[in-house]
file data18.cif (mmCIF, C-alpha atoms)
data_work
#
loop_
_atom_site.label_atom_id
_atom_site.label_comp_id
_atom_site.auth_asym_id
_atom_site.auth_seq_id
_atom_site.Cartn_x
_atom_site.Cartn_y
_atom_site.Cartn_z
CA MET A 27 -26.59 -13.64 5.33
CA SER A 28 -25.13 -10.27 4.34
CA PRO A 29 -26.83 -8.37 1.52
CA PHE A 30 -25.03 -8.37 -1.81
CA THR A 31 -24.11 -4.71 -1.35
CA THR A 32 -21.87 -5.40 1.66
CA ILE A 33 -18.47 -7.00 2.06
CA SER A 34 -17.06 -8.54 5.25
CA SER A 35 -13.89 -7.33 6.93
CA ASP A 36 -12.22 -10.70 6.37
CA LYS A 37 -12.91 -10.62 2.64
CA MET A 38 -11.81 -6.99 2.36
CA ALA A 39 -8.60 -7.78 4.23
CA ARG A 40 -7.76 -10.40 1.58
CA LEU A 41 -8.16 -7.81 -1.18
CA ILE A 42 -6.10 -5.04 0.39
CA GLY A 43 -2.54 -5.04 -0.88
CA THR A 44 -3.44 -6.70 -4.19
CA ALA A 45 -3.55 -5.06 -7.59
CA ASN A 46 -7.29 -5.66 -7.96
CA ALA A 47 -8.32 -4.23 -4.59
CA PRO A 48 -11.37 -1.95 -4.74
CA VAL A 49 -11.13 1.70 -3.81
CA LEU A 50 -11.81 1.96 -0.07
CA ILE A 51 -13.55 5.20 0.89
CA ASP A 52 -13.78 6.32 4.54
CA VAL A 53 -16.75 8.66 5.12
CA ARG A 54 -16.63 8.88 8.91
CA THR A 55 -17.64 12.27 10.26
CA GLU A 56 -14.84 14.62 11.32
CA GLN A 57 -15.87 14.05 14.93
CA ASP A 58 -15.59 10.27 14.58
CA PHE A 59 -12.28 10.57 12.74
CA ALA A 60 -10.89 12.91 15.39
CA ALA A 61 -11.66 10.26 18.03
CA ASP A 62 -9.50 7.69 16.21
CA ARG A 63 -7.22 9.05 13.50
CA ARG A 64 -6.39 5.70 12.02
CA LEU A 65 -7.45 4.41 8.62
CA ILE A 66 -8.13 1.00 7.19
CA PRO A 67 -5.10 0.35 4.93
CA GLY A 68 -5.47 1.95 1.52
CA SER A 69 -8.41 4.16 2.52
CA ILE A 70 -9.25 7.51 0.99
CA LYS A 71 -10.86 9.93 3.46
CA LEU A 72 -13.78 11.78 1.81
CA SER A 73 -16.93 13.52 3.02
CA HIS A 74 -20.34 11.96 2.50
CA ASP A 75 -21.78 15.47 2.22
CA SER A 76 -20.13 16.06 -1.15
CA VAL A 77 -20.49 12.62 -2.73
CA THR A 78 -22.38 14.16 -5.66
CA ASP A 79 -19.29 16.28 -6.38
CA TRP A 80 -16.60 13.62 -6.17
CA GLY A 81 -18.57 10.44 -6.82
CA SER A 82 -18.44 10.55 -10.63
CA ALA A 83 -14.66 10.07 -10.47
CA PHE A 84 -15.35 6.47 -9.44
CA ALA A 85 -17.74 5.63 -12.29
CA GLY A 86 -16.97 2.20 -13.68
CA ARG A 87 -14.78 1.31 -10.70
CA ARG A 88 -15.35 -0.98 -7.75
CA ALA A 89 -15.53 0.84 -4.42
CA VAL A 90 -16.13 -0.12 -0.79
CA VAL A 91 -17.46 2.56 1.55
CA SER A 92 -16.87 2.58 5.29
CA CYS A 93 -18.25 4.79 8.03
CA LEU A 94 -18.07 4.27 11.79
CA ARG A 95 -20.37 1.24 11.93
CA GLY A 96 -21.33 0.59 8.31
CA GLU A 97 -24.75 2.18 8.69
CA LYS A 98 -26.43 5.27 7.24
CA LEU A 99 -23.40 7.26 6.02
CA ALA A 100 -21.78 4.31 4.26
CA GLN A 101 -25.09 2.95 2.95
CA GLY A 102 -26.17 6.32 1.59
CA THR A 103 -22.79 7.13 0.05
CA ALA A 104 -22.58 3.71 -1.61
CA ALA A 105 -26.10 4.14 -3.00
CA TRP A 106 -25.11 7.49 -4.49
CA LEU A 107 -21.96 5.98 -5.99
CA ARG A 108 -24.02 3.27 -7.65
CA GLN A 109 -26.30 5.99 -8.99
CA LEU A 110 -23.19 7.64 -10.46
CA GLY A 111 -21.99 4.45 -12.14
CA ALA A 112 -19.68 2.87 -9.57
CA GLN A 113 -19.85 -0.74 -8.36
CA ALA A 114 -20.17 0.25 -4.70
CA GLU A 115 -20.48 -1.86 -1.58
CA THR A 116 -20.33 -1.03 2.12
CA LEU A 117 -17.94 -2.53 4.65
CA GLU A 118 -19.93 -4.70 7.02
CA GLY A 119 -19.57 -3.31 10.55
CA GLY A 120 -17.62 -0.31 9.29
CA PHE A 121 -14.49 1.00 10.96
CA GLU A 122 -15.52 -0.33 14.36
CA GLY A 123 -16.09 -3.81 12.95
CA TRP A 124 -12.67 -3.77 11.32
CA LYS A 125 -11.06 -2.63 14.57
CA ALA A 126 -12.92 -5.27 16.59
CA ALA A 127 -11.52 -7.93 14.24
CA LYS A 128 -8.02 -6.68 15.20
CA LEU A 129 -7.09 -6.03 11.60
CA PRO A 130 -4.28 -3.55 10.82
CA LEU A 131 -4.91 0.20 10.86
CA VAL A 132 -2.70 2.94 9.41
CA ASP A 133 -1.82 5.80 11.75
CA ALA A 134 -2.93 8.79 9.64
CA ARG A 135 -0.91 11.14 11.85
CA LYS A 136 2.25 9.71 10.28
CA LEU A 137 1.14 10.65 6.76
CA PRO A 138 2.76 13.68 5.10
CA PRO A 139 0.49 16.59 4.09
CA ARG A 140 -1.66 16.00 1.04
CA ASP A 141 -1.65 18.12 -2.09
CA ALA A 142 -4.65 19.93 -3.59
CA LYS A 143 -5.86 16.65 -5.12
CA GLY A 144 -5.68 14.78 -1.83
CA ARG A 145 -2.51 12.83 -2.65
CA THR A 146 0.58 12.35 -0.51
CA VAL A 147 3.79 13.35 -2.32
CA TRP A 148 7.15 11.66 -1.74
CA VAL A 149 10.64 12.36 -3.06
CA THR A 150 13.76 10.21 -3.22
CA ARG A 151 16.94 9.58 -5.19
CA ALA A 152 16.78 8.81 -8.89
CA ARG A 153 17.78 5.43 -10.34
CA PRO A 154 16.03 3.22 -7.78
CA LYS A 155 17.06 -0.34 -7.05
CA VAL A 156 15.34 -2.05 -4.08
CA ASP A 157 14.06 0.17 -1.24
CA ARG A 158 13.06 3.00 -3.57
CA ILE A 159 10.73 0.68 -5.47
CA ALA A 160 9.61 -1.41 -2.47
CA CYS A 161 8.54 1.63 -0.42
CA PRO A 162 6.38 3.18 -3.17
CA TRP A 163 4.74 -0.22 -3.68
CA LEU A 164 3.98 -0.42 0.06
CA ILE A 165 2.57 3.12 0.12
CA ARG A 166 0.35 2.67 -2.92
CA ARG A 167 -0.96 -0.72 -1.86
CA PHE A 168 -1.48 -0.08 1.87
CA VAL A 169 -1.32 3.64 2.64
CA ASP A 170 -2.29 5.96 -0.22
CA PRO A 171 -3.28 4.48 -3.60
CA GLY A 172 -2.89 7.86 -5.31
CA ALA A 173 0.54 8.68 -3.88
CA VAL A 174 2.94 10.60 -6.14
CA PHE A 175 6.67 9.80 -6.25
CA LEU A 176 9.36 12.20 -7.42
CA TYR A 177 12.79 10.84 -8.35
CA VAL A 178 15.50 13.51 -8.37
CA ALA A 179 19.27 13.91 -8.08
CA PRO A 180 20.49 12.72 -4.65
CA SER A 181 21.83 16.16 -3.74
CA GLU A 182 18.43 17.77 -4.36
CA VAL A 183 16.09 15.42 -2.48
CA VAL A 184 15.74 17.52 0.67
CA ALA A 185 15.44 20.83 -1.20
CA VAL A 186 12.82 19.42 -3.58
CA GLY A 187 10.92 18.10 -0.58
CA GLU A 188 10.86 21.55 0.99
CA ARG A 189 9.88 23.40 -2.18
CA PHE A 190 7.26 20.91 -3.38
CA ASN A 191 5.88 19.81 0.01
CA ALA A 192 7.07 16.25 -0.55
CA ALA A 193 8.24 13.78 2.10
CA PRO A 194 11.86 12.69 1.50
CA PHE A 195 12.61 9.00 1.96
CA ASP A 196 15.51 6.57 1.74
CA ILE A 197 18.25 9.16 2.17
CA GLU A 198 20.35 9.92 5.24
CA ASN A 199 19.15 12.14 8.08
CA VAL A 200 15.40 12.09 7.32
CA PHE A 201 12.54 10.41 9.19
CA TRP A 202 11.75 7.83 6.50
CA SER A 203 15.12 6.14 6.20
CA HIS A 204 17.27 3.26 7.44
CA ARG A 205 17.44 2.75 11.21
CA GLY A 206 20.13 0.46 12.53
CA GLU A 207 19.91 -2.81 10.60
CA ASN A 208 16.43 -2.01 9.29
CA CYS A 209 15.90 -0.56 5.83
CA THR A 210 13.32 2.09 4.95
CA PHE A 211 10.73 -0.55 4.05
CA ASP A 212 10.98 -1.95 7.60
CA VAL A 213 10.61 1.52 9.07
CA MET A 214 7.46 2.28 7.07
CA ILE A 215 5.80 -0.98 8.11
CA GLU A 216 6.53 -0.20 11.76
CA GLU A 217 5.59 3.48 11.70
CA PHE A 218 2.35 2.97 9.78
CA GLY A 219 1.33 0.08 12.04
CA ILE A 220 0.81 -2.51 9.31
CA ALA A 221 3.11 -5.28 10.56
CA THR A 222 1.17 -8.28 9.26
CA PRO A 223 2.96 -11.64 8.88
CA PRO A 224 3.11 -11.45 5.05
CA LEU A 225 4.52 -7.91 5.09
CA LEU A 226 7.07 -8.82 7.73
CA ARG A 227 8.13 -11.81 5.62
CA LEU A 228 8.45 -9.55 2.58
CA ALA A 229 10.39 -7.03 4.68
CA THR A 230 13.01 -9.69 5.40
CA LEU A 231 13.48 -10.23 1.67
CA VAL A 232 13.72 -6.50 1.01
CA ARG A 233 16.18 -5.98 3.87
CA GLY A 234 18.36 -8.83 2.65
CA ALA A 235 18.38 -7.53 -0.93
CA ASP A 236 18.82 -3.87 0.02
CA THR A 237 21.55 -4.21 2.66
CA ALA A 238 23.77 -6.89 1.11
CA ARG A 239 22.62 -9.61 3.51
CA PRO A 240 21.46 -12.43 1.22
CA ASP A 241 21.67 -14.84 4.16
CA LEU A 242 18.49 -13.34 5.68
CA ALA A 243 16.25 -15.26 3.27
CA PRO A 244 16.89 -17.67 0.37
CA GLU A 245 14.70 -15.47 -1.85
CA ALA A 246 16.62 -12.23 -1.14
CA PRO A 247 19.25 -12.78 -3.89
CA GLY A 248 16.45 -13.41 -6.38
CA LEU A 249 14.73 -10.15 -5.42
CA LEU A 250 18.03 -8.31 -5.77
CA ALA A 251 18.68 -9.86 -9.18
CA ALA A 252 15.18 -8.94 -10.41
CA SER A 253 15.56 -5.40 -9.04
CA LEU A 254 18.93 -4.86 -10.71
CA GLY A 255 17.54 -6.27 -13.93
CA LEU A 256 14.64 -3.81 -13.88
CA SER A 257 17.04 -0.93 -13.27
CA ARG A 258 18.91 -1.91 -16.45
CA MET A 259 15.72 -2.33 -18.48
CA TYR A 260 14.30 1.12 -17.82
CA ASP A 261 15.87 4.56 -18.22
CA ASP A 262 12.68 6.20 -16.94
CA ASP A 263 12.35 5.80 -13.16
CA LEU A 264 8.55 6.02 -13.24
CA GLU A 265 8.34 3.30 -15.89
CA GLN A 266 10.61 1.19 -13.70
CA LEU A 267 8.30 1.84 -10.74
CA GLU A 268 5.27 0.64 -12.69
CA ALA A 269 7.11 -2.55 -13.66
CA GLY A 270 8.31 -2.94 -10.08
CA MET A 271 4.74 -2.77 -8.79
CA LEU A 272 4.02 -6.07 -10.55
CA LEU A 273 7.22 -7.57 -9.18
CA TYR A 274 6.28 -6.73 -5.59
CA ASP A 275 2.69 -7.81 -6.15
CA ALA A 276 4.08 -11.24 -7.01
CA PHE A 277 6.48 -11.39 -4.06
CA TYR A 278 3.74 -10.23 -1.67
CA ARG A 279 1.33 -12.92 -2.87
CA TRP A 280 4.07 -15.51 -2.44
CA CYS A 281 4.70 -14.24 1.09
CA ARG A 282 1.01 -14.36 1.88
CA ASP A 283 -0.20 -17.46 0.08
CA ALA A 284 2.53 -19.67 -1.33
CA THR A 285 5.54 -19.99 0.97
CA THR A 286 4.86 -23.66 1.62
CA GLU A 287 4.20 -24.57 -2.00
CA THR A 288 6.89 -26.48 -3.84
CA HIS A 289 7.32 -27.40 -7.47
CA ASN A 290 8.62 -30.86 -8.23
CA TRP A 291 9.29 -32.14 -11.70
CA PRO A 292 7.87 -35.60 -12.34
CA THR A 293 10.45 -38.36 -12.24
CA ASN A 294 11.43 -39.50 -15.70
CA LYS A 295 10.92 -43.20 -16.00
CA VAL A 296 13.46 -44.88 -18.25
CA LYS A 297 12.05 -47.83 -20.10
CA ALA A 298 14.14 -50.97 -20.05
#

call {"tool": "encode", "arguments": {"input": "data18.cif", "output": "structure tokens"}}
result
Amino acid sequence: MSPFTTISSDKMARLIGTANAPVLIDVRTEQDFAADRRLIPGSIKLSHDSVTDWGSAFAGRRAVVSCLRGEKLAQGTAAWLRQLGAQAETLEGGFEGWKAAKLPLVDARKLPPRDAKGRTVWVTRARPKVDRIACPWLIRRFVDPGAVFLYVAPSEVVAVGERFNAAPFDIENVFWSHRGENCTFDVMIEEFGIATPPLLRLATLVRGADTARPDLAPEAPGLLAASLGLSRMYDDDLEQLEAGMLLYDAFYRWCRDATTETHNWPTNKVKA
């Protein structure tokens, strides 16, 4: 039986992508990270050497710490985090255990440069509808929980990206954009290496809603309707994004857990 301060890869995999997922902290050494520059989805890469400097930022929060094999670096860092007020566990088997279980890994080489606070920064067109809400949801839930999103005038996206070291997305002639029949959400799933069955199912809905192909999935028109409704409810793009996070949380959980569930009203029995 695992000690109460550890969590299995299977259990952690069920939490990743959900709103209540713990912070996942990767404390592999630079040498170990250089040997495999992939990250467990949603991980933050930090150094165990300076846990006393950054650890207090996680006080009162749930955290899971991973090193190469879930041994001394993860155990020691988690113990320090508990000392600093966090609810910290270690990932059983560490990075190698996760990899052995053939669970998805994010290719960190595809990530844009991080800012001084360790966050990736992204920029796209203002007044989002589908892709420009879906992609930030995907990034925050599976790639970088602290990611920052800038919404600007369409004509200024590339220039803002250059001046503010932000990765442009969902505009023409940039890396993170539509490719053929695939929308930007599809591209991000493929490039980051996180093509799980639930995300691929959700991608079909997003593609149908974003590219005027409602025939791709019966739920696509509903996603489009909800997205257009949100765009009318909020003048502030960041407020719309926060509301959209809940929307995509719900669609993701349906894609993962509830696609076979039906809702049938009881038959009304008419008395003679």

call {"tool": "resolve_selection", "arguments": {"input": "data18.cif", "expression": "the PyMOL selection byres ((chain A and resi 174-181) around 9)", "output": "tab-separated table (two decimals) with C-alpha atoms, in the frame of the given file"}}
result
chain	number	residue	atom	x	y	z
A	145	ARG	CA	-2.51	12.83	-2.65
A	146	THR	CA	0.58	12.35	-0.51
A	147	VAL	CA	3.79	13.35	-2.32
A	148	TRP	CA	7.15	11.66	-1.74
A	149	VAL	CA	10.64	12.36	-3.06
A	150	THR	CA	13.76	10.21	-3.22
A	151	ARG	CA	16.94	9.58	-5.19
A	152	ALA	CA	16.78	8.81	-8.89
A	153	ARG	CA	17.78	5.43	-10.34
A	154	PRO	CA	16.03	3.22	-7.78
A	162	PRO	CA	6.38	3.18	-3.17
A	166	ARG	CA	0.35	2.67	-2.92
A	172	GLY	CA	-2.89	7.86	-5.31
A	173	ALA	CA	0.54	8.68	-3.88
A	182	GLU	CA	18.43	17.77	-4.36
A	183	VAL	CA	16.09	15.42	-2.48
A	184	VAL	CA	15.74	17.52	0.67
A	185	ALA	CA	15.44	20.83	-1.20
A	186	VAL	CA	12.82	19.42	-3.58
A	192	ALA	CA	7.07	16.25	-0.55
A	197	ILE	CA	18.25	9.16	2.17
A	263	ASP	CA	12.35	5.80	-13.16
A	264	LEU	CA	8.55	6.02	-13.24

call {"tool": "resolve_selection", "arguments": {"input": "data18.cif", "expression": "the PyMOL selection byres ((chain A and resi 83) around 12)", "output": "short mmCIF file (atom, residue, chain, number, x, y, z; two decimals) with C-alpha atoms, keeping the file's coordinate frame"}}
result
data_model
loop_
_atom_site.label_atom_id
_atom_site.label_comp_id
_atom_site.auth_asym_id
_atom_site.auth_seq_id
_atom_site.Cartn_x
_atom_site.Cartn_y
_atom_site.Cartn_z
CA VAL A 49 -11.13 1.70 -3.81
CA VAL A 77 -20.49 12.62 -2.73
CA THR A 78 -22.38 14.16 -5.66
CA ASP A 79 -19.29 16.28 -6.38
CA TRP A 80 -16.60 13.62 -6.17
CA GLY A 81 -18.57 10.44 -6.82
CA SER A 82 -18.44 10.55 -10.63
CA PHE A 84 -15.35 6.47 -9.44
CA ALA A 85 -17.74 5.63 -12.29
CA GLY A 86 -16.97 2.20 -13.68
CA ARG A 87 -14.78 1.31 -10.70
CA ARG A 88 -15.35 -0.98 -7.75
CA ALA A 89 -15.53 0.84 -4.42
CA LEU A 107 -21.96 5.98 -5.99
CA ARG A 108 -24.02 3.27 -7.65
CA LEU A 110 -23.19 7.64 -10.46
CA GLY A 111 -21.99 4.45 -12.14
CA ALA A 112 -19.68 2.87 -9.57
#

call {"tool": "atom_distance", "arguments": {"input": "data18.cif", "atom1": "atom CA of A:Ala160", "atom2": "atom CA of A:Ala246"}}
result
13.0 Å

call {"tool": "atom_distance", "arguments": {"input": "data18.cif", "atom1": "atom CA of A:Ser253", "atom2": "atom CA of A:Gly68"}}
result
24.7 Å

call {"tool": "residues_around", "arguments": {"input": "data18.cif", "residues": "A:Pro67", "least_positions_apart": "4", "cutoff": "6 Å", "atoms": "only C-alpha atoms", "output": "PyMOL selection string"}}
result
chain A and resi 131-132+168-169

call {"tool": "resolve_selection", "arguments": {"input": "data18.cif", "expression": "the PyMOL selection byres ((chain A and resi 266) around 12)", "output": "PyMOL selection string"}}
result
chain A and resi 152-156+158-160+162-163+177+252-265+267-273

call {"tool": "atom_distance", "arguments": {"input": "data18.cif", "atom1": "atom CA of A:Leu65", "atom2": "atom CA of A:Leu41"}}
result
15.7 Å

call {"tool": "residues_around", "arguments": {"input": "data18.cif", "residues": "A:Ile220", "least_positions_apart": "4", "cutoff": "12 Å", "atoms": "only C-alpha atoms", "output": "tab-separated table (two decimals) with C-alpha atoms, in the coordinates of the input"}}
result
chain	number	residue	atom	x	y	z
A	39	ALA	CA	-8.60	-7.78	4.23
A	42	ILE	CA	-6.10	-5.04	0.39
A	43	GLY	CA	-2.54	-5.04	-0.88
A	64	ARG	CA	-6.39	5.70	12.02
A	65	LEU	CA	-7.45	4.41	8.62
A	66	ILE	CA	-8.13	1.00	7.19
A	67	PRO	CA	-5.10	0.35	4.93
A	68	GLY	CA	-5.47	1.95	1.52
A	128	LYS	CA	-8.02	-6.68	15.20
A	129	LEU	CA	-7.09	-6.03	11.60
A	130	PRO	CA	-4.28	-3.55	10.82
A	131	LEU	CA	-4.91	0.20	10.86
A	132	VAL	CA	-2.70	2.94	9.41
A	133	ASP	CA	-1.82	5.80	11.75
A	134	ALA	CA	-2.93	8.79	9.64
A	164	LEU	CA	3.98	-0.42	0.06
A	165	ILE	CA	2.57	3.12	0.12
A	167	ARG	CA	-0.96	-0.72	-1.86
A	168	PHE	CA	-1.48	-0.08	1.87
A	169	VAL	CA	-1.32	3.64	2.64
A	211	PHE	CA	10.73	-0.55	4.05
A	212	ASP	CA	10.98	-1.95	7.60
A	213	VAL	CA	10.61	1.52	9.07
A	214	MET	CA	7.46	2.28	7.07
A	215	ILE	CA	5.80	-0.98	8.11
A	216	GLU	CA	6.53	-0.20	11.76
A	224	PRO	CA	3.11	-11.45	5.05
A	225	LEU	CA	4.52	-7.91	5.09
A	226	LEU	CA	7.07	-8.82	7.73
A	229	ALA	CA	10.39	-7.03	4.68

call {"tool": "residues_around", "arguments": {"input": "data18.cif", "residues": "A:Lys71", "least_positions_apart": "3", "cutoff": "7 Å", "atoms": "all atoms listed in the file", "output": "PyMOL selection string"}}
result
chain A and resi 51-53
